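Pasting coords27.txt here (compact mmCIF, C-alpha atoms (C1' of nucleotides)):
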# COMPACT_ATOMS: atom_id res chain seq x y z
CA MET T 1 0.00 0.00 0.00
CA LYS T 2 0.96 3.60 -0.14
CA LEU T 3 -0.46 6.73 1.34
CA ARG T 4 -2.88 8.09 -1.22
CA ARG T 5 -3.93 11.68 -1.12
CA ASP T 6 -6.42 12.23 -3.89
CA PRO T 7 -10.10 13.18 -4.02
CA PHE T 8 -11.13 9.54 -4.51
CA GLN T 9 -9.45 8.57 -1.28
CA ALA T 10 -10.86 11.64 0.44
CA ILE T 11 -14.50 10.80 -0.25
CA ALA T 12 -14.13 7.14 0.65
CA ASP T 13 -14.85 7.97 4.27
CA PRO T 14 -18.47 8.85 5.12
CA THR T 15 -17.48 11.36 7.81
CA ARG T 16 -15.32 13.24 5.34
CA ARG T 17 -18.14 13.20 2.80
CA ALA T 18 -20.42 14.70 5.43
CA ILE T 19 -17.86 17.38 6.24
CA LEU T 20 -17.64 18.32 2.58
CA VAL T 21 -21.40 18.53 2.34
CA LEU T 22 -21.52 20.72 5.45
CA LEU T 23 -19.08 23.09 3.82
CA THR T 24 -21.22 23.48 0.70
CA ALA T 25 -23.52 25.64 2.82
CA GLN T 26 -20.95 27.84 4.48
CA THR T 27 -17.42 28.24 5.73
CA MET T 28 -17.18 26.82 9.25
CA SER T 29 -14.74 26.73 12.15
CA ALA T 30 -13.16 23.44 13.16
CA GLY T 31 -15.21 23.32 16.35
CA ALA T 32 -18.46 24.07 14.55
CA ILE T 33 -17.75 21.27 12.12
CA ALA T 34 -16.90 18.85 14.93
CA SER T 35 -20.10 19.66 16.79
CA ASN T 36 -22.02 18.03 13.96
CA PHE T 37 -20.54 14.62 14.62
CA ASP T 38 -20.46 12.02 17.34
CA VAL T 39 -16.74 11.38 17.09
CA ALA T 40 -14.07 13.07 19.18
CA ARG T 41 -12.92 16.50 18.08
CA PRO T 42 -9.33 15.42 17.35
CA THR T 43 -10.71 12.79 15.00
CA ILE T 44 -12.46 15.50 13.02
CA SER T 45 -9.27 17.51 13.14
CA LYS T 46 -7.49 14.63 11.46
CA HIS T 47 -10.18 14.37 8.80
CA LEU T 48 -9.75 18.07 8.14
CA THR T 49 -6.03 17.51 7.70
CA VAL T 50 -6.68 14.74 5.19
CA LEU T 51 -9.16 16.89 3.27
CA SER T 52 -6.60 19.70 3.20
CA GLU T 53 -3.92 17.35 1.93
CA CYS T 54 -6.30 16.21 -0.78
CA ASP T 55 -6.79 19.88 -1.60
CA LEU T 56 -10.54 19.75 -1.15
CA ILE T 57 -10.70 22.36 1.59
CA GLN T 58 -8.59 25.29 2.67
CA SER T 59 -8.17 26.85 6.08
CA ASN T 60 -7.70 30.36 7.27
CA GLN T 61 -7.20 31.38 10.82
CA GLN T 62 -9.20 34.17 12.39
CA GLY T 63 -8.12 34.84 15.93
CA ARG T 64 -8.08 31.53 17.72
CA GLU T 65 -10.55 29.97 15.35
CA ILE T 66 -9.66 28.25 12.11
CA PHE T 67 -12.21 28.43 9.37
CA TYR T 68 -12.49 25.81 6.68
CA GLU T 69 -13.72 26.51 3.23
CA LEU T 70 -14.62 24.14 0.42
CA LYS T 71 -12.25 24.05 -2.53
CA VAL T 72 -14.47 22.55 -5.14
CA ASP T 73 -11.99 22.40 -7.96
CA ASN T 74 -10.34 19.10 -7.13
CA MET T 75 -13.73 17.49 -6.87
CA LYS T 76 -14.03 17.95 -10.61
CA LYS T 77 -11.48 15.18 -11.04
CA ILE T 78 -14.06 12.74 -9.76
CA ASP T 79 -16.64 14.27 -12.03
CA GLN T 80 -14.32 13.95 -15.01
CA TRP T 81 -13.51 10.36 -14.19
CA LEU T 82 -17.21 9.58 -13.94
CA GLU T 83 -17.76 11.00 -17.39
CA GLN T 84 -16.92 7.74 -19.15
CA PHE T 85 -19.49 5.86 -17.10
CA ARG T 86 -22.08 8.55 -17.45
CA LYS T 87 -21.86 8.02 -21.19
CA ILE T 88 -22.80 4.42 -20.71
CA TRP T 89 -25.85 4.99 -18.60
CA GLU T 90 -26.98 7.83 -20.80
CA ASP T 91 -26.72 5.51 -23.78
CA ARG T 92 -28.85 2.99 -21.95
CA PHE T 93 -31.33 5.69 -21.13
CA ASP T 94 -31.43 6.61 -24.82
CA ASN T 95 -32.02 2.96 -25.63
CA LEU T 96 -34.92 2.86 -23.21
CA ASP T 97 -36.15 6.07 -24.76
CA ASN T 98 -36.02 4.58 -28.23
CA TYR T 99 -37.74 1.49 -26.98
CA LEU T 100 -40.55 3.48 -25.44
CA ALA T 101 -40.83 5.53 -28.62
CA GLN T 102 -41.13 2.32 -30.63
CA LEU T 103 -43.84 1.08 -28.31
CA GLN T 104 -45.65 4.36 -28.72
CA ASN T 105 -45.29 4.03 -32.49
CA LYS T 106 -46.80 0.58 -32.48
CA LYS T 107 -49.65 1.81 -30.35
CA THR T 108 -50.34 4.73 -32.68
CA ASN T 109 -49.80 3.00 -36.02
CA GLY T 110 -50.64 -0.65 -35.28
CA MET S 1 -13.40 1.41 11.32
CA LYS S 2 -15.85 -0.93 9.75
CA LEU S 3 -15.91 -2.81 6.50
CA ARG S 4 -17.55 -0.51 4.01
CA ARG S 5 -18.90 -1.85 0.77
CA ASP S 6 -20.15 1.05 -1.25
CA PRO S 7 -19.16 2.62 -4.58
CA PHE S 8 -17.16 5.35 -2.83
CA GLN S 9 -15.00 2.77 -1.13
CA ALA S 10 -14.76 0.77 -4.36
CA ILE S 11 -13.27 3.61 -6.40
CA ALA S 12 -10.83 4.67 -3.69
CA ASP S 13 -8.29 2.18 -5.02
CA PRO S 14 -6.58 3.08 -8.31
CA THR S 15 -6.36 -0.54 -9.46
CA ARG S 16 -10.09 -0.97 -9.00
CA ARG S 17 -10.73 2.25 -10.87
CA ALA S 18 -8.60 0.93 -13.73
CA ILE S 19 -10.52 -2.35 -13.74
CA LEU S 20 -13.80 -0.48 -13.99
CA VAL S 21 -12.48 1.60 -16.86
CA LEU S 22 -11.29 -1.56 -18.64
CA LEU S 23 -14.78 -2.97 -18.36
CA THR S 24 -16.35 0.07 -20.00
CA ALA S 25 -14.95 -1.22 -23.28
CA GLN S 26 -16.00 -4.85 -23.00
CA THR S 27 -16.77 -7.77 -20.77
CA MET S 28 -13.55 -9.56 -19.86
CA SER S 29 -12.42 -12.75 -18.18
CA ALA S 30 -10.62 -12.58 -14.83
CA GLY S 31 -7.36 -13.59 -16.47
CA ALA S 32 -7.67 -11.04 -19.24
CA ILE S 33 -8.30 -8.34 -16.66
CA ALA S 34 -5.32 -9.45 -14.56
CA SER S 35 -3.00 -9.44 -17.57
CA ASN S 36 -3.40 -5.67 -17.69
CA PHE S 37 -1.75 -5.17 -14.32
CA ASP S 38 1.58 -5.72 -12.67
CA VAL S 39 0.13 -7.18 -9.49
CA ALA S 40 -0.37 -10.88 -8.82
CA ARG S 41 -3.46 -12.50 -10.25
CA PRO S 42 -4.97 -13.37 -6.84
CA THR S 43 -4.73 -9.70 -5.92
CA ILE S 44 -6.87 -8.83 -8.93
CA SER S 45 -9.20 -11.65 -7.97
CA LYS S 46 -9.68 -9.98 -4.61
CA HIS S 47 -10.36 -6.62 -6.23
CA LEU S 48 -12.96 -8.30 -8.40
CA THR S 49 -14.58 -9.69 -5.27
CA VAL S 50 -14.69 -6.23 -3.71
CA LEU S 51 -16.17 -4.72 -6.86
CA SER S 52 -18.81 -7.46 -6.90
CA GLU S 53 -19.65 -6.85 -3.26
CA CYS S 54 -20.01 -3.17 -4.07
CA ASP S 55 -22.34 -4.22 -6.87
CA LEU S 56 -20.33 -2.45 -9.54
CA ILE S 57 -19.63 -5.56 -11.60
CA GLN S 58 -21.27 -8.89 -12.12
CA SER S 59 -19.76 -12.20 -13.11
CA ASN S 60 -20.96 -15.04 -15.24
CA GLN S 61 -19.10 -18.24 -15.77
CA GLN S 62 -18.53 -19.65 -19.23
CA GLY S 63 -16.75 -22.94 -19.11
CA ARG S 64 -13.70 -22.51 -16.98
CA GLU S 65 -13.57 -18.80 -17.53
CA ILE S 66 -15.42 -16.21 -15.50
CA PHE S 67 -16.43 -13.08 -17.32
CA TYR S 68 -16.92 -9.80 -15.57
CA GLU S 69 -19.29 -7.16 -16.74
CA LEU S 70 -19.73 -3.58 -15.60
CA LYS S 71 -22.87 -2.80 -13.62
CA VAL S 72 -23.04 0.91 -14.06
CA ASP S 73 -26.12 1.57 -11.96
CA ASN S 74 -24.46 1.82 -8.58
CA MET S 75 -21.96 4.29 -9.98
CA LYS S 76 -24.84 6.73 -10.27
CA LYS S 77 -24.78 7.07 -6.50
CA ILE S 78 -21.46 8.83 -6.81
CA ASP S 79 -22.82 10.96 -9.60
CA GLN S 80 -25.83 11.90 -7.49
CA TRP S 81 -23.67 12.76 -4.52
CA LEU S 82 -21.48 14.95 -6.71
CA GLU S 83 -24.53 16.86 -7.87
CA GLN S 84 -24.45 19.28 -4.93
CA PHE S 85 -20.85 20.19 -5.69
CA ARG S 86 -21.44 20.41 -9.39
CA LYS S 87 -23.99 23.10 -8.62
CA ILE S 88 -21.30 25.12 -6.90
CA TRP S 89 -18.78 25.02 -9.68
CA GLU S 90 -21.45 25.66 -12.28
CA ASP S 91 -22.51 28.72 -10.32
CA ARG S 92 -18.94 29.90 -10.32
CA PHE S 93 -18.76 29.30 -14.02
CA ASP S 94 -21.93 31.37 -14.42
CA ASN S 95 -20.36 34.12 -12.36
CA LEU S 96 -17.34 34.10 -14.60
CA ASP S 97 -19.69 34.14 -17.54
CA ASN S 98 -21.52 37.16 -16.19
CA TYR S 99 -18.27 38.87 -15.44
CA LEU S 100 -17.05 38.33 -18.97
CA ALA S 101 -20.37 39.53 -20.31
CA GLN S 102 -20.03 42.69 -18.22
CA LEU S 103 -16.55 43.27 -19.54
CA GLN S 104 -17.86 42.83 -23.04
CA ASN S 105 -20.62 45.30 -22.26
CA LYS S 106 -18.19 47.91 -21.04
CA LYS S 107 -16.09 47.40 -24.11
CA THR S 108 -19.06 47.79 -26.42
CA ASN S 109 -20.85 50.62 -24.61
CA GLY S 110 -18.06 52.49 -22.83
C1' DA H 1 -1.78 37.86 35.35
C1' DA H 2 -4.62 33.91 35.54
C1' DT H 3 -8.08 31.31 33.31
C1' DT H 4 -10.79 29.70 29.62
C1' DT H 5 -11.37 28.49 24.90
C1' DG H 6 -10.23 26.65 20.23
C1' DC H 7 -7.63 23.62 17.94
C1' DG H 8 -3.72 20.97 16.48
C1' DT H 9 -0.27 17.06 17.71
C1' DA H 10 1.61 12.88 20.02
C1' DG H 11 1.09 8.46 20.79
C1' DC H 12 -1.61 4.62 21.20
C1' DT H 13 -5.02 0.64 19.51
C1' DA H 14 -8.01 -2.30 16.72
C1' DA H 15 -9.40 -3.07 12.34
C1' DA H 16 -9.03 -2.81 7.37
C1' DT H 17 -6.40 -2.90 3.18
C1' DA H 18 -3.47 -4.39 -0.65
C1' DG H 19 -0.25 -7.19 -1.61
C1' DC H 20 2.13 -11.84 -1.75
C1' DT H 21 2.83 -17.26 -2.19
C1' DA H 22 0.91 -21.73 -1.86
C1' DC H 23 -2.92 -24.48 -2.65
C1' DA H 24 -7.59 -26.31 -4.11
C1' DT H 25 -10.96 -27.01 -7.59
C1' DA H 26 -13.13 -27.27 -11.82
C1' DT H 27 -13.06 -27.37 -16.80
C1' DA H 28 -10.78 -28.23 -21.11
C1' DT H 29 -7.39 -30.57 -23.94
C1' DA H 30 -3.91 -34.18 -25.41
C1' DT W 1 -7.10 -40.69 -18.19
C1' DA W 2 -3.43 -37.56 -17.36
C1' DT W 3 -2.18 -32.87 -18.01
C1' DA W 4 -2.77 -28.11 -18.63
C1' DT W 5 -5.46 -23.98 -17.81
C1' DA W 6 -8.54 -20.61 -15.39
C1' DT W 7 -9.75 -18.96 -11.26
C1' DG W 8 -10.91 -18.66 -6.46
C1' DT W 9 -9.39 -19.33 -1.39
C1' DA W 10 -6.26 -19.71 2.69
C1' DG W 11 -3.17 -17.69 5.28
C1' DC W 12 0.36 -14.58 5.89
C1' DT W 13 2.65 -9.58 6.18
C1' DA W 14 3.37 -4.62 6.14
C1' DT W 15 0.96 -0.48 5.90
C1' DT W 16 -2.93 2.53 6.45
C1' DT W 17 -6.87 3.96 8.64
C1' DA W 18 -10.19 5.86 12.00
C1' DG W 19 -10.78 6.23 16.29
C1' DC W 20 -9.40 7.44 21.21
C1' DT W 21 -7.15 10.13 25.41
C1' DA W 22 -3.69 13.20 27.01
C1' DC W 23 -1.24 17.19 26.12
C1' DG W 24 0.61 21.69 24.34
C1' DC W 25 0.04 26.22 22.62
C1' DA W 26 -1.84 30.44 21.23
C1' DA W 27 -5.60 33.70 21.48
C1' DA W 28 -9.33 35.69 24.08
C1' DT W 29 -11.57 36.82 28.42
C1' DT W 30 -11.85 37.89 33.39

Rendering of file as structure tokens:
Amino acid sequence: MKLRRDPFQAIADPTRRAILVLLTAQTMSAGAIASNFDVARPTISKHLTVLSECDLIQSNQQGREIFYELKVDNMKKIDQWLEQFRKIWEDRFDNLDNYLAQLQNKKTNG
Amino acid sequence: MKLRRDPFQAIADPTRRAILVLLTAQTMSAGAIASNFDVARPTISKHLTVLSECDLIQSNQQGREIFYELKVDNMKKIDQWLEQFRKIWEDRFDNLDNYLAQLQNKKTNG
DNA sequence: AATTTGCGTAGCTAAATAGCTACATATATA
DNA sequence: TATATATGTAGCTATTTAGCTACGCAAATT
């Protein structure tokens, strides 16, 4: 194995996914983020470190608080990777579409 | 920790991602899949098991070969989860769009 | 100045992961 | 029928992970 720090690894953990979702709404302090979960605060702190290392969030300190902000750009890598699969299920959807259209045709013309 | 078997976990590993991509082109036997990688065949076998458990592929035996086929449906869960982030970067794109339009306006009318 | 608050780090543990080699099993071929 | 081939399973290891408690440090409050 080898330490992987990429967006795919980042979103593998459900707590990290939840953190990311939280941050879609607004920038939040570490403590505010942690208060949303049932795990110990240092555990969340570690997740925040991982998310930073994966370049999915960025921090900026304000007084004694540290605010975390979503950095959505690296998430696009997942989106781009998904593209090839999206093609497949869109094709299938088209096929279903065609099929339904054919049925409709039969109904109308038969 | 706890054994997680979901599409997010499945795509966290780069080898598994590569297997999935391979299978977008065609159904392949276990051996044919393994021949694309530098890791031992049993390692690939294990990845195939994980992908099956995550319901991203399905196998069907033909003689002594076992063919693996992509099951794209569960991948949509990732796509759906990404939706909320996609909104954000599309908004930003719109903002850039507006900004460029404004610039254009100034150029034309100023 | 002393105390409280916010948050990261150290250091630990149990479990999961990805990899390996050796082996078992089933199907095809000679 | 004996052999070769395709593939999964057993059982091991080293590394990573997610979690914890205890602690340290800097900023705010009293």

Output, as a PDB file with C-alpha atoms, in the coordinates of the input, the coordinates of chain T following least-squares superposition onto chain S across all in-order C-alpha pairs.
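Below you can see out.pdb, which holds the result:
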ATOM      1  CA  MET T   1     -13.515   1.286  11.502  1.00  0.00           C
ATOM      2  CA  LYS T   2     -15.922  -0.979   9.776  1.00  0.00           C
ATOM      3  CA  LEU T   3     -15.881  -2.822   6.519  1.00  0.00           C
ATOM      4  CA  ARG T   4     -17.464  -0.507   3.990  1.00  0.00           C
ATOM      5  CA  ARG T   5     -18.840  -1.856   0.783  1.00  0.00           C
ATOM      6  CA  ASP T   6     -20.120   1.053  -1.236  1.00  0.00           C
ATOM      7  CA  PRO T   7     -19.163   2.616  -4.567  1.00  0.00           C
ATOM      8  CA  PHE T   8     -17.170   5.362  -2.825  1.00  0.00           C
ATOM      9  CA  GLN T   9     -14.986   2.792  -1.146  1.00  0.00           C
ATOM     10  CA  ALA T  10     -14.741   0.812  -4.369  1.00  0.00           C
ATOM     11  CA  ILE T  11     -13.270   3.649  -6.423  1.00  0.00           C
ATOM     12  CA  ALA T  12     -10.833   4.724  -3.731  1.00  0.00           C
ATOM     13  CA  ASP T  13      -8.297   2.248  -5.055  1.00  0.00           C
ATOM     14  CA  PRO T  14      -6.606   3.156  -8.359  1.00  0.00           C
ATOM     15  CA  THR T  15      -6.364  -0.469  -9.507  1.00  0.00           C
ATOM     16  CA  ARG T  16     -10.089  -0.924  -9.038  1.00  0.00           C
ATOM     17  CA  ARG T  17     -10.749   2.309 -10.913  1.00  0.00           C
ATOM     18  CA  ALA T  18      -8.638   0.987 -13.770  1.00  0.00           C
ATOM     19  CA  ILE T  19     -10.535  -2.298 -13.762  1.00  0.00           C
ATOM     20  CA  LEU T  20     -13.822  -0.437 -14.001  1.00  0.00           C
ATOM     21  CA  VAL T  21     -12.522   1.623 -16.883  1.00  0.00           C
ATOM     22  CA  LEU T  22     -11.333  -1.528 -18.655  1.00  0.00           C
ATOM     23  CA  LEU T  23     -14.815  -2.949 -18.367  1.00  0.00           C
ATOM     24  CA  THR T  24     -16.417   0.090 -19.998  1.00  0.00           C
ATOM     25  CA  ALA T  25     -15.022  -1.216 -23.284  1.00  0.00           C
ATOM     26  CA  GLN T  26     -16.043  -4.832 -22.998  1.00  0.00           C
ATOM     27  CA  THR T  27     -16.823  -7.761 -20.763  1.00  0.00           C
ATOM     28  CA  MET T  28     -13.581  -9.528 -19.852  1.00  0.00           C
ATOM     29  CA  SER T  29     -12.426 -12.734 -18.191  1.00  0.00           C
ATOM     30  CA  ALA T  30     -10.614 -12.568 -14.870  1.00  0.00           C
ATOM     31  CA  GLY T  31      -7.332 -13.558 -16.497  1.00  0.00           C
ATOM     32  CA  ALA T  32      -7.682 -10.998 -19.270  1.00  0.00           C
ATOM     33  CA  ILE T  33      -8.298  -8.307 -16.696  1.00  0.00           C
ATOM     34  CA  ALA T  34      -5.309  -9.408 -14.616  1.00  0.00           C
ATOM     35  CA  SER T  35      -3.013  -9.368 -17.630  1.00  0.00           C
ATOM     36  CA  ASN T  36      -3.429  -5.604 -17.750  1.00  0.00           C
ATOM     37  CA  PHE T  37      -1.770  -5.088 -14.398  1.00  0.00           C
ATOM     38  CA  ASP T  38       1.573  -5.626 -12.754  1.00  0.00           C
ATOM     39  CA  VAL T  39       0.155  -7.114  -9.578  1.00  0.00           C
ATOM     40  CA  ALA T  40      -0.323 -10.811  -8.901  1.00  0.00           C
ATOM     41  CA  ARG T  41      -3.428 -12.444 -10.311  1.00  0.00           C
ATOM     42  CA  PRO T  42      -4.913 -13.315  -6.901  1.00  0.00           C
ATOM     43  CA  THR T  43      -4.676  -9.649  -5.979  1.00  0.00           C
ATOM     44  CA  ILE T  44      -6.826  -8.774  -8.970  1.00  0.00           C
ATOM     45  CA  SER T  45      -9.144 -11.588  -8.001  1.00  0.00           C
ATOM     46  CA  LYS T  46      -9.616  -9.930  -4.637  1.00  0.00           C
ATOM     47  CA  HIS T  47     -10.304  -6.573  -6.261  1.00  0.00           C
ATOM     48  CA  LEU T  48     -12.923  -8.257  -8.409  1.00  0.00           C
ATOM     49  CA  THR T  49     -14.524  -9.658  -5.275  1.00  0.00           C
ATOM     50  CA  VAL T  50     -14.639  -6.202  -3.713  1.00  0.00           C
ATOM     51  CA  LEU T  51     -16.141  -4.691  -6.863  1.00  0.00           C
ATOM     52  CA  SER T  52     -18.756  -7.451  -6.885  1.00  0.00           C
ATOM     53  CA  GLU T  53     -19.585  -6.821  -3.248  1.00  0.00           C
ATOM     54  CA  CYS T  54     -19.976  -3.144  -4.044  1.00  0.00           C
ATOM     55  CA  ASP T  55     -22.309  -4.214  -6.836  1.00  0.00           C
ATOM     56  CA  LEU T  56     -20.325  -2.450  -9.525  1.00  0.00           C
ATOM     57  CA  ILE T  57     -19.614  -5.546 -11.588  1.00  0.00           C
ATOM     58  CA  GLN T  58     -21.253  -8.901 -12.096  1.00  0.00           C
ATOM     59  CA  SER T  59     -19.739 -12.218 -13.065  1.00  0.00           C
ATOM     60  CA  ASN T  60     -20.911 -15.070 -15.175  1.00  0.00           C
ATOM     61  CA  GLN T  61     -19.043 -18.247 -15.729  1.00  0.00           C
ATOM     62  CA  GLN T  62     -18.511 -19.667 -19.186  1.00  0.00           C
ATOM     63  CA  GLY T  63     -16.711 -22.968 -19.077  1.00  0.00           C
ATOM     64  CA  ARG T  64     -13.663 -22.495 -16.922  1.00  0.00           C
ATOM     65  CA  GLU T  65     -13.544 -18.783 -17.522  1.00  0.00           C
ATOM     66  CA  ILE T  66     -15.402 -16.197 -15.495  1.00  0.00           C
ATOM     67  CA  PHE T  67     -16.440 -13.086 -17.309  1.00  0.00           C
ATOM     68  CA  TYR T  68     -16.924  -9.784 -15.565  1.00  0.00           C
ATOM     69  CA  GLU T  69     -19.317  -7.166 -16.718  1.00  0.00           C
ATOM     70  CA  LEU T  70     -19.759  -3.581 -15.590  1.00  0.00           C
ATOM     71  CA  LYS T  71     -22.888  -2.815 -13.602  1.00  0.00           C
ATOM     72  CA  VAL T  72     -23.083   0.894 -14.044  1.00  0.00           C
ATOM     73  CA  ASP T  73     -26.131   1.544 -11.943  1.00  0.00           C
ATOM     74  CA  ASN T  74     -24.476   1.799  -8.552  1.00  0.00           C
ATOM     75  CA  MET T  75     -22.003   4.258  -9.963  1.00  0.00           C
ATOM     76  CA  LYS T  76     -24.877   6.697 -10.252  1.00  0.00           C
ATOM     77  CA  LYS T  77     -24.810   7.047  -6.480  1.00  0.00           C
ATOM     78  CA  ILE T  78     -21.490   8.814  -6.800  1.00  0.00           C
ATOM     79  CA  ASP T  79     -22.881  10.932  -9.581  1.00  0.00           C
ATOM     80  CA  GLN T  80     -25.889  11.863  -7.471  1.00  0.00           C
ATOM     81  CA  TRP T  81     -23.734  12.721  -4.499  1.00  0.00           C
ATOM     82  CA  LEU T  82     -21.576  14.927  -6.698  1.00  0.00           C
ATOM     83  CA  GLU T  83     -24.636  16.812  -7.840  1.00  0.00           C
ATOM     84  CA  GLN T  84     -24.569  19.220  -4.903  1.00  0.00           C
ATOM     85  CA  PHE T  85     -20.981  20.177  -5.645  1.00  0.00           C
ATOM     86  CA  ARG T  86     -21.563  20.414  -9.342  1.00  0.00           C
ATOM     87  CA  LYS T  87     -24.134  23.083  -8.580  1.00  0.00           C
ATOM     88  CA  ILE T  88     -21.485  25.109  -6.862  1.00  0.00           C
ATOM     89  CA  TRP T  89     -18.942  25.025  -9.619  1.00  0.00           C
ATOM     90  CA  GLU T  90     -21.584  25.650 -12.229  1.00  0.00           C
ATOM     91  CA  ASP T  91     -22.668  28.705 -10.274  1.00  0.00           C
ATOM     92  CA  ARG T  92     -19.090  29.904 -10.247  1.00  0.00           C
ATOM     93  CA  PHE T  93     -18.862  29.290 -13.946  1.00  0.00           C
ATOM     94  CA  ASP T  94     -22.025  31.353 -14.404  1.00  0.00           C
ATOM     95  CA  ASN T  95     -20.449  34.085 -12.311  1.00  0.00           C
ATOM     96  CA  LEU T  96     -17.387  34.056 -14.525  1.00  0.00           C
ATOM     97  CA  ASP T  97     -19.703  34.108 -17.501  1.00  0.00           C
ATOM     98  CA  ASN T  98     -21.531  37.136 -16.172  1.00  0.00           C
ATOM     99  CA  TYR T  99     -18.253  38.799 -15.420  1.00  0.00           C
ATOM    100  CA  LEU T 100     -16.980  38.241 -18.927  1.00  0.00           C
ATOM    101  CA  ALA T 101     -20.288  39.477 -20.315  1.00  0.00           C
ATOM    102  CA  GLN T 102     -19.950  42.636 -18.231  1.00  0.00           C
ATOM    103  CA  LEU T 103     -16.441  43.158 -19.527  1.00  0.00           C
ATOM    104  CA  GLN T 104     -17.709  42.716 -23.048  1.00  0.00           C
ATOM    105  CA  ASN T 105     -20.466  45.229 -22.317  1.00  0.00           C
ATOM    106  CA  LYS T 106     -18.002  47.797 -21.088  1.00  0.00           C
ATOM    107  CA  LYS T 107     -15.876  47.254 -24.147  1.00  0.00           C
ATOM    108  CA  THR T 108     -18.843  47.691 -26.480  1.00  0.00           C
ATOM    109  CA  ASN T 109     -20.621  50.537 -24.697  1.00  0.00           C
ATOM    110  CA  GLY T 110     -17.796  52.360 -22.888  1.00  0.00           C
TER     111      GLY T 110
END

- Which residues come within 9 Å of H:DG6, counting only C-alpha atoms (C1' of nucleotides), excluding same-chain residues fewer than 6 positions away, as a PyMOL selection string? (chain T and resi 30-31+64-66) or (chain W and resi 27)

- Could you name the residues that touch H:DA10 at 10 Å or less, counting all atoms listed in the file, but leaving out those on the same chain fewer than 2 positions away, as number ranges by chain? H: 12; W: 22-24

Selection: 12 Å around W:DT9, all atoms listed in the file, excl. self and same-chain fewer than 4 positions, as a compact mmCIF listing (two decimals) with C-alpha atoms (C1' of nucleotides), in the coordinates of the input:
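What ended up in result_37.txt:
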# COMPACT_ATOMS: atom_id res chain seq x y z
CA PRO S 42 -4.97 -13.37 -6.84
CA THR S 43 -4.73 -9.70 -5.92
CA SER S 45 -9.20 -11.65 -7.97
CA LYS S 46 -9.68 -9.98 -4.61
CA THR S 49 -14.58 -9.69 -5.27
C1' DA H 22 0.91 -21.73 -1.86
C1' DC H 23 -2.92 -24.48 -2.65
C1' DA H 24 -7.59 -26.31 -4.11
C1' DT H 25 -10.96 -27.01 -7.59

- Task: Give me, as a list in words, the contact residues of chain H against chain S at a cut-off of 8 Å, counting all atoms listed in the file.
- Result: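 Filtering chain H at 8 Å from chain S with all atoms listed in the file gives DA15, DA16, DA18, DG19, DC20, DA26, DT27 and DA28 of chain H.
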
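Remark: for chain T, the closest of the candidate residues S:Asp55, S:Asp38, S:Asp91, S:Asp79 is S:Asp79 (distances computed over only C-alpha atoms).
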
- Between atom CA of T:Leu20 and atom C1' of W:DA28, what is the spacing in Å?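 Between atom C1' of W:DA28 and atom CA of T:Leu20 the gap is 28.9 Å.
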
Counting only C-alpha atoms, a student should be able to say which residues of chain S come within 6 Å of chain T; what is the right answer, written as a compact mmCIF listing (two decimals) with C-alpha atoms, in the frame of the given file?
# COMPACT_ATOMS: atom_id res chain seq x y z
CA PHE S 8 -17.16 5.35 -2.83
CA GLN S 9 -15.00 2.77 -1.13
CA ALA S 12 -10.83 4.67 -3.69

- Return the neighbours of chain T among the residues of chain W, cut-off 8 Å, counting all atoms listed in the file, as a list in words.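 Close enough to count are DT15, DT16, DA18, DG19, DC20, DA26, DA27 and DA28 of chain W.
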
- Message: Just the number, please: distance in Å from atom CA of S:Arg16 to atom CA of S:Ser59, one decimal.
- Response: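 Separation between atom CA of S:Arg16 and atom CA of S:Ser59: 15.4 Å.
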
- Could you state the separation of atom CA of S:Arg5 and atom CA of S:Tyr68 in Å, given to one decimal place?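 Atom CA of S:Arg5 sits 18.3 Å away from atom CA of S:Tyr68.
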
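Within 6 Å of the point (-11.0, 33.9, 29.4) in file coordinates, and counting only C-alpha atoms (C1' of nucleotides), lie the residues DT3 and DT4 of chain H; DA28, DT29 and DT30 of chain W.
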
Enclosing box along x, y and z for every listed atom of stretch 41-58 of chain S, padded 8 Å each side, centre and size in Å, one decimal, as lines of an AutoDock Vina configuration file:
center_x = -12.9
center_y = -7.9
center_z = -7.7
size_x = 34.9
size_y = 26.9
size_z = 24.9

- Message: List as number ranges by chain the protein and nucleic acid residues near T:Ala32, meaning an atom at most 10 Å away when all atoms listed in the file are counted, but skip any in the same chain fewer than 5 places from it.
- Response: T: 27, 37, 65, 67

Could you rebuild stretch 18-24 of chain T with N, CA and C atoms and give it back as a PDB file, keeping the file's coordinate frame?
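Output file out06.pdb is given in full below:
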ATOM      1  N   ALA T  18     -19.473  13.840   4.704  1.00  0.00           N
ATOM      2  CA  ALA T  18     -20.420  14.700   5.430  1.00  0.00           C
ATOM      3  C   ALA T  18     -19.816  16.070   5.693  1.00  0.00           C
ATOM      4  N   ILE T  19     -18.532  16.092   6.019  1.00  0.00           N
ATOM      5  CA  ILE T  19     -17.860  17.380   6.240  1.00  0.00           C
ATOM      6  C   ILE T  19     -17.920  18.227   4.972  1.00  0.00           C
ATOM      7  N   LEU T  20     -17.617  17.596   3.848  1.00  0.00           N
ATOM      8  CA  LEU T  20     -17.640  18.320   2.580  1.00  0.00           C
ATOM      9  C   LEU T  20     -19.021  18.885   2.300  1.00  0.00           C
ATOM     10  N   VAL T  21     -20.036  18.066   2.573  1.00  0.00           N
ATOM     11  CA  VAL T  21     -21.400  18.530   2.340  1.00  0.00           C
ATOM     12  C   VAL T  21     -21.728  19.712   3.248  1.00  0.00           C
ATOM     13  N   LEU T  22     -21.325  19.599   4.515  1.00  0.00           N
ATOM     14  CA  LEU T  22     -21.520  20.720   5.450  1.00  0.00           C
ATOM     15  C   LEU T  22     -20.962  22.006   4.868  1.00  0.00           C
ATOM     16  N   LEU T  23     -19.776  21.895   4.298  1.00  0.00           N
ATOM     17  CA  LEU T  23     -19.080  23.090   3.820  1.00  0.00           C
ATOM     18  C   LEU T  23     -19.639  23.628   2.502  1.00  0.00           C
ATOM     19  N   THR T  24     -20.573  22.902   1.894  1.00  0.00           N
ATOM     20  CA  THR T  24     -21.220  23.480   0.700  1.00  0.00           C
ATOM     21  C   THR T  24     -22.100  24.644   1.119  1.00  0.00           C
TER      22      THR T  24
END
